[in-house]
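Peer 1: Below: one structure in structure tokens.
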Amino acid sequence: MFEFTTQGTCSSKIRFELREGRVHSLSFEDGCDGNLKALSVLAENMPAEELVQKLKGLRCGDRETSCADQLALALEEASGNS
């Protein structure tokens, strides 16, 4: 299980497993419960690389980042591609 401490978002941690480059068991600590549950369901078994391409750089309101952007950074770090 990979754990990533977020910065600049309402969620404080992201946890997931990477198996053969695919995301499994994604969960967020804190943050917008419904939206993050939906993101977790949609991301299940998706290639990490595809998620990074789609989510990296997304912003939440006037913040410089978002939970989705933080997930992309976590996936890059877990994959060794940061």
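Residue numbers start at 1 in each chain; chains themselves are named A, B, ... in the order of the structure tokens; ligands are numbered from 1 in the order shown.
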List every residue of chain A that DSSP, applied to the backbone of this structure, assigns to strand (DSSP E or B), and report them as a list in words.
Peer 2: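 Selecting the strand (DSSP E or B) positions of chain A gives Phe2, Glu3, Phe4, Thr5, Ser11, Ser12, Lys13, Ile14, Arg15, Phe16, Glu17, Leu18, Arg19, Arg22, Val23, His24, Ser25, Leu26, Ser27, Phe28, Glu29, Asp30 and Pro47 of chain A.
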Peer 1: Skipping near chain neighbours, those fewer than 5 positions away, what residues fall within 9 Å of Cys10 of chain A using only C-alpha atoms, listed as an NGL selection string?
Peer 2: :A and (29-32 or 66-67)
Peer 1: Write down as an NGL selection string the residues belonging to chain A that are assigned helix (DSSP H, G or I) by DSSP computed on the backbone.
Peer 2: :A and (33-43 or 48-55 or 67-79)
Peer 1: Using only C-alpha atoms, which residue out of A:Ala68, A:Thr5, A:Ser12, A:Ala48 lies closest to Asn81 of chain A?
Peer 2: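 Distance minimum relative to Asn81 of chain A lands on A:Ala48.
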Peer 1: Could you pull the residues within 9 Å of segment 39-43 of chain A, counting only C-alpha atoms, minus those fewer than 2 positions along the same chain, as a PyMOL selection string?
Peer 2: chain A and resi 22-28+34-37+45-48+51+68
Peer 1: Near segment 71-75 of chain A, counting only C-alpha atoms, which residues have an atom at most 9 Å away, once you skip same-chain residues fewer than 6 positions from it, shown as a PyMOL selection string?
Peer 2: chain A and resi 2-6+14-16+18+23+48-49+51-57+81-82
Peer 1: Could those selected residues go to a file with C-alpha atoms, as a PDB file, in the first residue's frame?
Peer 2:
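And here's part-v7.pdb as it stands now:
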ATOM      1  CA  PHE A   2       1.449   3.353  -1.056  1.00  0.00           C
ATOM      2  CA  GLU A   3       0.623   6.378   1.122  1.00  0.00           C
ATOM      3  CA  PHE A   4       1.024   9.969  -0.058  1.00  0.00           C
ATOM      4  CA  THR A   5       0.622  13.064   2.124  1.00  0.00           C
ATOM      5  CA  THR A   6      -1.139  15.750   0.113  1.00  0.00           C
ATOM      6  CA  ILE A  14      -4.049   9.288  -0.472  1.00  0.00           C
ATOM      7  CA  ARG A  15      -3.601   5.520  -0.273  1.00  0.00           C
ATOM      8  CA  PHE A  16      -3.533   3.002  -3.114  1.00  0.00           C
ATOM      9  CA  LEU A  18      -0.152  -0.346  -7.843  1.00  0.00           C
ATOM     10  CA  VAL A  23      -4.430   1.423  -9.569  1.00  0.00           C
ATOM     11  CA  ALA A  48      -1.578   4.802 -13.528  1.00  0.00           C
ATOM     12  CA  GLU A  49      -0.025   6.473 -16.571  1.00  0.00           C
ATOM     13  CA  LEU A  51      -4.690   8.717 -14.800  1.00  0.00           C
ATOM     14  CA  VAL A  52      -1.613  10.937 -14.568  1.00  0.00           C
ATOM     15  CA  GLN A  53      -2.190  12.225 -18.116  1.00  0.00           C
ATOM     16  CA  LYS A  54      -5.839  13.031 -17.376  1.00  0.00           C
ATOM     17  CA  LEU A  55      -5.551  14.442 -13.845  1.00  0.00           C
ATOM     18  CA  LYS A  56      -2.203  16.245 -13.637  1.00  0.00           C
ATOM     19  CA  GLY A  57      -2.592  19.993 -13.451  1.00  0.00           C
ATOM     20  CA  ASN A  81       8.349   8.863 -12.728  1.00  0.00           C
ATOM     21  CA  SER A  82       8.263  12.143 -10.811  1.00  0.00           C
TER      22      SER A  82
END
Peer 1: Enter the distance from atom CA of Gln7 of chain A to atom CA of Glu20 of chain A, in Å, rounded to one decimal.
Peer 2: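 So the two atoms, atom CA of Gln7 of chain A and atom CA of Glu20 of chain A, lie 27.0 Å apart.
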